[in-house]
$ cat coords-v7.cif   # mmCIF, C-alpha atoms
data_structure
loop_
_atom_site.label_atom_id
_atom_site.label_comp_id
_atom_site.auth_asym_id
_atom_site.auth_seq_id
_atom_site.Cartn_x
_atom_site.Cartn_y
_atom_site.Cartn_z
CA MET A 23 56.28 -13.50 -5.10
CA ASP A 24 59.12 -14.78 -2.93
CA THR A 25 62.36 -15.53 -4.67
CA GLU A 26 64.75 -18.11 -3.36
CA VAL A 27 68.13 -16.72 -2.39
CA THR A 28 71.04 -19.00 -3.10
CA THR A 29 74.56 -18.66 -1.81
CA PRO A 30 77.65 -19.83 -3.65
CA GLU A 31 78.48 -23.42 -2.86
CA GLN A 32 81.42 -23.69 -0.49
CA PRO A 33 84.20 -26.07 -1.50
CA ASP A 34 84.47 -29.31 0.44
CA THR A 35 87.52 -28.96 2.70
CA SER A 36 86.94 -32.10 4.74
CA ILE A 37 89.97 -34.29 5.41
CA ASP A 38 88.78 -36.87 2.87
CA ALA A 39 88.28 -34.21 0.18
CA GLU A 40 91.68 -32.63 0.86
CA ARG A 41 93.37 -36.04 0.84
CA ALA A 42 91.80 -36.86 -2.53
CA LYS A 43 92.81 -33.45 -3.92
CA TYR A 44 96.46 -33.83 -2.99
CA ALA A 45 96.60 -37.47 -4.04
CA GLU A 46 95.66 -36.15 -7.48
CA VAL A 47 97.98 -33.15 -7.74
CA TRP A 48 101.05 -34.95 -6.39
CA ARG A 49 100.80 -37.42 -9.29
CA HIS A 50 101.88 -34.67 -11.70
CA ARG A 51 105.58 -34.17 -12.33
CA ALA A 52 105.31 -30.38 -12.58
CA TYR A 53 103.87 -30.13 -9.06
CA ARG A 54 106.70 -32.27 -7.67
CA LYS A 55 109.56 -30.06 -8.84
CA ALA A 56 109.88 -27.76 -5.84
CA CYS A 57 110.89 -28.68 -2.31
CA HIS A 58 110.64 -25.42 -0.37
CA GLY A 59 111.83 -26.88 2.93
CA LEU A 60 115.02 -28.28 1.43
CA ASP A 61 115.64 -25.03 -0.47
CA LEU A 62 115.21 -23.08 2.76
CA TRP A 63 117.58 -25.38 4.65
CA ARG A 64 120.24 -25.02 1.98
CA THR A 65 119.97 -21.28 1.33
CA ARG A 66 119.15 -19.92 4.81
CA ARG A 67 121.08 -22.28 7.06
CA GLU A 68 121.82 -19.41 9.46
CA ILE A 69 118.20 -19.20 10.65
CA PHE A 70 118.18 -22.77 11.95
CA PRO A 71 119.74 -24.12 15.15
CA PRO A 72 123.34 -25.09 14.36
CA ASN A 73 123.19 -28.75 15.38
CA PRO A 74 119.67 -30.10 15.76
CA LYS A 75 119.67 -33.76 16.75
CA SER A 76 116.09 -34.36 15.63
CA VAL A 77 113.90 -32.65 13.02
CA LEU A 78 110.27 -33.05 12.05
CA ASP A 79 109.60 -32.17 8.39
CA ILE A 80 106.00 -30.91 8.61
CA GLY A 81 104.15 -31.23 5.32
CA CYS A 82 107.08 -33.13 3.84
CA GLY A 83 105.63 -33.70 0.35
CA THR A 84 108.23 -35.56 -1.71
CA GLY A 85 110.32 -36.22 1.41
CA ARG A 86 113.49 -34.65 0.04
CA LEU A 87 114.16 -32.53 3.11
CA PHE A 88 113.90 -35.21 5.76
CA ALA A 89 115.75 -37.69 3.52
CA HIS A 90 118.57 -35.16 3.06
CA LEU A 91 118.76 -34.62 6.81
CA ARG A 92 118.85 -38.37 7.52
CA ASP A 93 121.56 -38.81 4.88
CA ASN A 94 123.58 -36.21 6.80
CA GLY A 95 123.28 -37.85 10.21
CA ILE A 96 120.24 -36.03 11.64
CA ARG A 97 117.36 -38.06 13.02
CA ALA A 98 114.57 -36.68 10.85
CA GLU A 99 111.03 -37.79 10.13
CA GLY A 100 108.35 -36.53 7.77
CA VAL A 101 104.62 -36.06 8.08
CA ASP A 102 102.00 -35.12 5.51
CA LEU A 103 98.35 -35.66 4.69
CA VAL A 104 99.15 -38.02 1.80
CA ASP A 105 102.14 -40.15 0.87
CA ALA A 106 103.80 -38.28 -2.00
CA LEU A 107 107.35 -39.47 -1.32
CA ASP A 108 109.72 -39.84 -4.23
CA PRO A 109 109.97 -43.58 -4.95
CA GLU A 110 113.65 -43.85 -3.98
CA ILE A 111 112.97 -41.94 -0.74
CA ARG A 112 110.05 -44.22 0.09
CA GLU A 113 112.31 -47.22 -0.45
CA ARG A 114 115.14 -45.91 1.74
CA HIS A 115 113.31 -43.82 4.34
CA GLY A 116 109.62 -44.69 4.07
CA LYS A 117 109.42 -46.03 7.61
CA TRP A 118 110.20 -42.53 8.88
CA PHE A 119 107.12 -41.06 7.22
CA LEU A 120 103.69 -40.67 8.83
CA SER A 121 100.49 -39.86 6.93
CA VAL A 122 98.24 -37.81 9.23
CA PRO A 123 96.40 -34.45 9.16
CA LEU A 124 98.55 -31.82 10.87
CA GLN A 125 95.82 -31.01 13.38
CA ASP A 126 96.04 -34.64 14.56
CA LEU A 127 99.82 -34.57 14.91
CA LEU A 128 99.84 -35.77 18.51
CA GLY A 129 102.22 -38.05 20.34
CA PRO A 130 104.80 -38.21 23.12
CA GLU A 131 107.96 -37.67 21.07
CA CYS A 132 109.37 -34.15 20.85
CA TYR A 133 111.81 -32.96 18.19
CA ASP A 134 114.48 -30.27 18.50
CA LEU A 135 113.19 -28.54 15.38
CA GLY A 136 110.15 -28.47 13.14
CA ILE A 137 110.37 -27.19 9.56
CA CYS A 138 107.04 -26.25 7.98
CA ALA A 139 107.58 -24.69 4.55
CA ASP A 140 104.67 -23.75 2.28
CA VAL A 141 102.18 -25.81 4.25
CA MET A 142 100.03 -23.77 6.63
CA GLU A 143 98.34 -21.78 3.85
CA HIS A 144 97.06 -25.07 2.39
CA LEU A 145 94.91 -25.67 5.48
CA PRO A 146 91.38 -24.30 5.88
CA ALA A 147 91.49 -21.30 8.25
CA SER A 148 89.32 -23.19 10.73
CA ASP A 149 92.08 -25.81 11.14
CA VAL A 150 95.05 -23.45 11.53
CA ASP A 151 95.03 -23.00 15.32
CA GLN A 152 94.56 -26.70 16.03
CA ALA A 153 97.38 -27.59 13.64
CA LEU A 154 99.69 -25.02 15.26
CA ARG A 155 98.92 -26.40 18.72
CA ALA A 156 99.67 -29.92 17.55
CA ILE A 157 102.96 -28.79 15.98
CA ALA A 158 103.98 -26.89 19.12
CA SER A 159 103.33 -30.00 21.20
CA ARG A 160 105.89 -31.93 19.16
CA VAL A 161 108.74 -29.47 18.53
CA SER A 162 110.94 -27.25 20.71
CA LYS A 163 111.58 -24.75 17.93
CA ALA A 164 110.01 -24.25 14.53
CA VAL A 165 110.56 -22.42 11.27
CA PHE A 166 107.51 -21.53 9.19
CA LEU A 167 107.51 -20.39 5.58
CA ILE A 168 103.97 -19.25 4.71
CA ALA A 169 102.75 -18.06 1.30
CA ASN A 170 100.10 -15.38 0.84
CA HIS A 171 99.60 -15.56 -2.90
CA PRO A 172 97.04 -17.49 -4.96
CA SER A 173 97.87 -21.02 -6.03
CA GLU A 174 95.65 -23.03 -8.33
CA TYR A 175 96.57 -26.32 -9.93
CA MET A 176 94.43 -28.58 -12.09
CA GLY A 177 91.40 -26.50 -11.16
CA HIS A 178 92.03 -26.87 -7.43
CA ASN A 179 92.44 -23.94 -5.06
CA LEU A 180 95.51 -24.97 -3.06
CA HIS A 181 96.11 -21.92 -0.86
CA LEU A 182 92.92 -21.97 1.17
CA THR A 183 94.09 -19.53 3.85
CA ARG A 184 95.53 -16.32 2.45
CA ARG A 185 96.00 -13.76 5.20
CA PRO A 186 98.31 -10.78 5.83
CA VAL A 187 101.45 -11.22 7.86
CA GLU A 188 99.84 -9.73 10.99
CA TRP A 189 97.16 -12.44 11.00
CA TRP A 190 99.73 -15.21 10.86
CA GLN A 191 101.91 -13.54 13.47
CA ASP A 192 98.93 -13.28 15.84
CA ARG A 193 98.08 -16.96 15.30
CA LEU A 194 101.66 -18.00 16.02
CA HIS A 195 101.87 -15.78 19.12
CA ILE A 196 98.87 -17.57 20.60
CA ILE A 197 100.73 -20.88 20.43
CA PHE A 198 104.45 -20.06 20.67
CA SER A 199 106.07 -17.90 23.36
CA HIS A 200 108.56 -16.27 21.00
CA VAL A 201 107.82 -15.42 17.36
CA GLN A 202 110.36 -13.66 15.16
CA ARG A 203 109.63 -12.58 11.63
CA LEU A 204 112.65 -12.90 9.35
CA PRO A 205 113.28 -11.16 6.04
CA TYR A 206 112.53 -13.31 3.03
CA ALA A 207 112.20 -12.75 -0.68
CA ARG A 208 111.34 -15.34 -3.31
CA LYS A 209 112.03 -14.86 -6.97
CA GLY A 210 108.86 -13.77 -8.75
CA HIS A 211 107.04 -12.66 -5.59
CA GLU A 212 106.75 -9.44 -3.63
CA VAL A 213 108.00 -9.36 -0.04
CA GLU A 214 104.44 -9.43 1.29
CA ASP A 215 103.65 -12.60 -0.66
CA VAL A 216 105.74 -14.95 1.48
CA PHE A 217 106.39 -14.81 5.23
CA LEU A 218 109.20 -16.42 7.22
CA PHE A 219 108.94 -16.95 10.97
CA ARG A 220 111.18 -18.52 13.62
CA CYS A 221 109.31 -19.67 16.71
CA ALA A 222 110.21 -21.10 20.09
#
$ encode --input "coords-v7.cif" --output "structure tokens"
Amino acid sequence: MDTEVTTPEQPDTSIDAERAKYAEVWRHRAYRKACHGLDLWRTRREIFPPNPKSVLDIGCGTGRLFAHLRDNGIRAEGVDLVDALDPEIRERHGKWFLSVPLQDLLGPECYDLGICADVMEHLPASDVDQALRAIASRVSKAVFLIANHPSEYMGHNLHLTRRPVEWWQDRLHIIFSHVQRLPYARKGHEVEDVFLFRCA
């Protein structure tokens, strides 16, 4: 007697499903506490170009990084899959925000610097290369902070692509001509849980 073999159902990682997932999680105050890009800018200023004239905040979330940069005289814009801007940031800087999947981040304008903190691991692995190509087409230099630890919130798996540092470095090398890994440690995590790269 033949028995039917079933395979575990794969989660829906379509753009619509991911947009609905993040529209849900961003509504919760606890998820909105951190802004990794702004923290990185404030605590590791030495890894960034000294005077960027334009910055693209890639996966901007609440918008606190690009709003901070604009408030300090830098032409900065934010992009993310969903609009999760803090209300006061939406009111003051909302016109500088674009809602678009990172792999579709195309356009003629190029920025001096892209900051992409705790974002790439949220993408399905099948979208990583296309997203990196799109980012590289828009920025002259980029800083990536990439997590390699599990993250679940409200029953959702948020870190879809967990890979060792060598995997990420190889992906970045395909797209960027120069990739430098920088030392980074985050409270509560081992060194191999979070990776920091500077690319040009």
$ closest_residue --input "coords-v7.cif" --among "A:Arg208, A:Arg112, A:Ala106, A:Leu62" --to "Glu46 in chain A" --atoms "all atoms listed in the file"
A:Ala106
$ resolve_selection --input "coords-v7.cif" --expression "the PyMOL selection byres ((chain A and resi 147-155) around 9)" --output "PyMOL selection string"
chain A and resi 123-127+142-146+156-160+182-184+193-194+196-198
$ write_last_selection --input "coords-v7.cif" --atoms "C-alpha atoms" --output "mmCIF file, in the frame of the given file"
data_model
loop_
_atom_site.group_PDB
_atom_site.id
_atom_site.type_symbol
_atom_site.label_atom_id
_atom_site.label_comp_id
_atom_site.auth_asym_id
_atom_site.auth_seq_id
_atom_site.Cartn_x
_atom_site.Cartn_y
_atom_site.Cartn_z
ATOM 1 C CA PRO A 123 96.400 -34.450 9.160
ATOM 2 C CA LEU A 124 98.550 -31.820 10.870
ATOM 3 C CA GLN A 125 95.820 -31.010 13.380
ATOM 4 C CA ASP A 126 96.040 -34.640 14.560
ATOM 5 C CA LEU A 127 99.820 -34.570 14.910
ATOM 6 C CA MET A 142 100.030 -23.770 6.630
ATOM 7 C CA GLU A 143 98.340 -21.780 3.850
ATOM 8 C CA HIS A 144 97.060 -25.070 2.390
ATOM 9 C CA LEU A 145 94.910 -25.670 5.480
ATOM 10 C CA PRO A 146 91.380 -24.300 5.880
ATOM 11 C CA ALA A 156 99.670 -29.920 17.550
ATOM 12 C CA ILE A 157 102.960 -28.790 15.980
ATOM 13 C CA ALA A 158 103.980 -26.890 19.120
ATOM 14 C CA SER A 159 103.330 -30.000 21.200
ATOM 15 C CA ARG A 160 105.890 -31.930 19.160
ATOM 16 C CA LEU A 182 92.920 -21.970 1.170
ATOM 17 C CA THR A 183 94.090 -19.530 3.850
ATOM 18 C CA ARG A 184 95.530 -16.320 2.450
ATOM 19 C CA ARG A 193 98.080 -16.960 15.300
ATOM 20 C CA LEU A 194 101.660 -18.000 16.020
ATOM 21 C CA ILE A 196 98.870 -17.570 20.600
ATOM 22 C CA ILE A 197 100.730 -20.880 20.430
ATOM 23 C CA PHE A 198 104.450 -20.060 20.670
#
$ residues_around --input "coords-v7.cif" --residues "His195 in chain A" --least-positions-apart "5" --cutoff "12 Å" --atoms "all atoms listed in the file" --output "list in words"
Asp151, Leu154, Arg155, Ala158, Glu188, Trp189, Trp190, His200, Val201, Gln202, Arg203, Phe219, Arg220, Cys221 and Ala222 of chain A
$ residues_around --input "coords-v7.cif" --residues "Arg92 in chain A" --least-positions-apart "4" --cutoff "12 Å" --atoms "only C-alpha atoms" --output "JSON, numbers by chain"
{"A": [74, 75, 76, 77, 78, 79, 85, 86, 87, 88, 96, 97, 98, 99, 100, 111, 114, 115, 116, 118]}
$ atom_distance --input "coords-v7.cif" --atom1 "CA of Gln191 in chain A" --atom2 "CA of Ser162 in chain A"
17.9 Å
$ atom_distance --input "coords-v7.cif" --atom1 "CA of His58 in chain A" --atom2 "CA of Asp140 in chain A"
6.7 Å
$ closest_residue --input "coords-v7.cif" --among "A:Lys43, A:Val141, A:Asp38, A:Lys163" --to "Gly177 in chain A" --atoms "only C-alpha atoms"
A:Lys43
$ resolve_selection --input "coords-v7.cif" --expression "the PyMOL selection byres ((chain A and resi 102) around 9)" --output "list in words"
Asp79, Ile80, Gly81, Cys82, Gly83, Gly100, Val101, Leu103, Val104, Asp105, Ala106, Phe119, Leu120, Ser121, Val122, Pro123 and Leu124 of chain A
$ closest_residue --input "coords-v7.cif" --among "A:Gly59, A:Leu180, A:Pro72, A:Val161" --to "Leu218 in chain A" --atoms "all atoms listed in the file"
A:Gly59
$ build_atoms --input "coords-v7.cif" --residues "range 56-78 of chain A" --atoms "N, CA and C atoms" --output "CSV table (one decimal), keeping the file's coordinate frame"
chain,number,residue,atom,x,y,z
A,56,ALA,N,109.4,-28.6,-6.9
A,56,ALA,CA,109.9,-27.8,-5.8
A,56,ALA,C,109.9,-28.5,-4.5
A,57,CYS,N,110.9,-28.2,-3.7
A,57,CYS,CA,110.9,-28.7,-2.3
A,57,CYS,C,111.3,-27.5,-1.5
A,58,HIS,N,110.3,-26.7,-1.0
A,58,HIS,CA,110.6,-25.4,-0.4
A,58,HIS,C,111.4,-25.6,0.9
A,59,GLY,N,111.1,-26.7,1.7
A,59,GLY,CA,111.8,-26.9,2.9
A,59,GLY,C,113.3,-27.1,2.7
A,60,LEU,N,113.6,-28.0,1.7
A,60,LEU,CA,115.0,-28.3,1.4
A,60,LEU,C,115.7,-27.0,0.9
A,61,ASP,N,115.0,-26.3,0.0
A,61,ASP,CA,115.6,-25.0,-0.5
A,61,ASP,C,115.9,-24.1,0.7
A,62,LEU,N,115.0,-24.0,1.6
A,62,LEU,CA,115.2,-23.1,2.8
A,62,LEU,C,116.4,-23.5,3.6
A,63,TRP,N,116.5,-24.8,3.9
A,63,TRP,CA,117.6,-25.4,4.6
A,63,TRP,C,118.9,-25.1,4.0
A,64,ARG,N,119.0,-25.2,2.7
A,64,ARG,CA,120.2,-25.0,2.0
A,64,ARG,C,120.6,-23.6,1.8
A,65,THR,N,119.6,-22.7,1.6
A,65,THR,CA,120.0,-21.3,1.3
A,65,THR,C,119.9,-20.4,2.5
A,66,ARG,N,119.3,-20.8,3.6
A,66,ARG,CA,119.2,-19.9,4.8
A,66,ARG,C,119.6,-20.7,6.1
A,67,ARG,N,120.6,-21.4,5.9
A,67,ARG,CA,121.1,-22.3,7.1
A,67,ARG,C,121.2,-21.5,8.4
A,68,GLU,N,121.5,-20.2,8.3
A,68,GLU,CA,121.8,-19.4,9.5
A,68,GLU,C,120.6,-19.2,10.3
A,69,ILE,N,119.4,-19.4,9.8
A,69,ILE,CA,118.2,-19.2,10.6
A,69,ILE,C,117.8,-20.4,11.5
A,70,PHE,N,118.5,-21.5,11.2
A,70,PHE,CA,118.2,-22.8,12.0
A,70,PHE,C,119.2,-23.0,13.1
A,71,PRO,N,118.8,-23.7,14.1
A,71,PRO,CA,119.7,-24.1,15.2
A,71,PRO,C,120.9,-24.8,14.5
A,72,PRO,N,122.1,-24.6,15.0
A,72,PRO,CA,123.3,-25.1,14.4
A,72,PRO,C,123.4,-26.6,14.3
A,73,ASN,N,123.0,-27.3,15.4
A,73,ASN,CA,123.2,-28.8,15.4
A,73,ASN,C,122.0,-29.5,15.9
A,74,PRO,N,120.8,-29.4,15.2
A,74,PRO,CA,119.7,-30.1,15.8
A,74,PRO,C,119.9,-31.6,15.7
A,75,LYS,N,119.5,-32.3,16.7
A,75,LYS,CA,119.7,-33.8,16.8
A,75,LYS,C,118.5,-34.4,16.1
A,76,SER,N,117.3,-33.8,16.2
A,76,SER,CA,116.1,-34.4,15.6
A,76,SER,C,115.3,-33.3,15.0
A,77,VAL,N,114.7,-33.6,13.8
A,77,VAL,CA,113.9,-32.6,13.0
A,77,VAL,C,112.6,-33.3,12.5
A,78,LEU,N,111.5,-32.6,12.6
A,78,LEU,CA,110.3,-33.0,12.0
A,78,LEU,C,110.0,-32.2,10.8
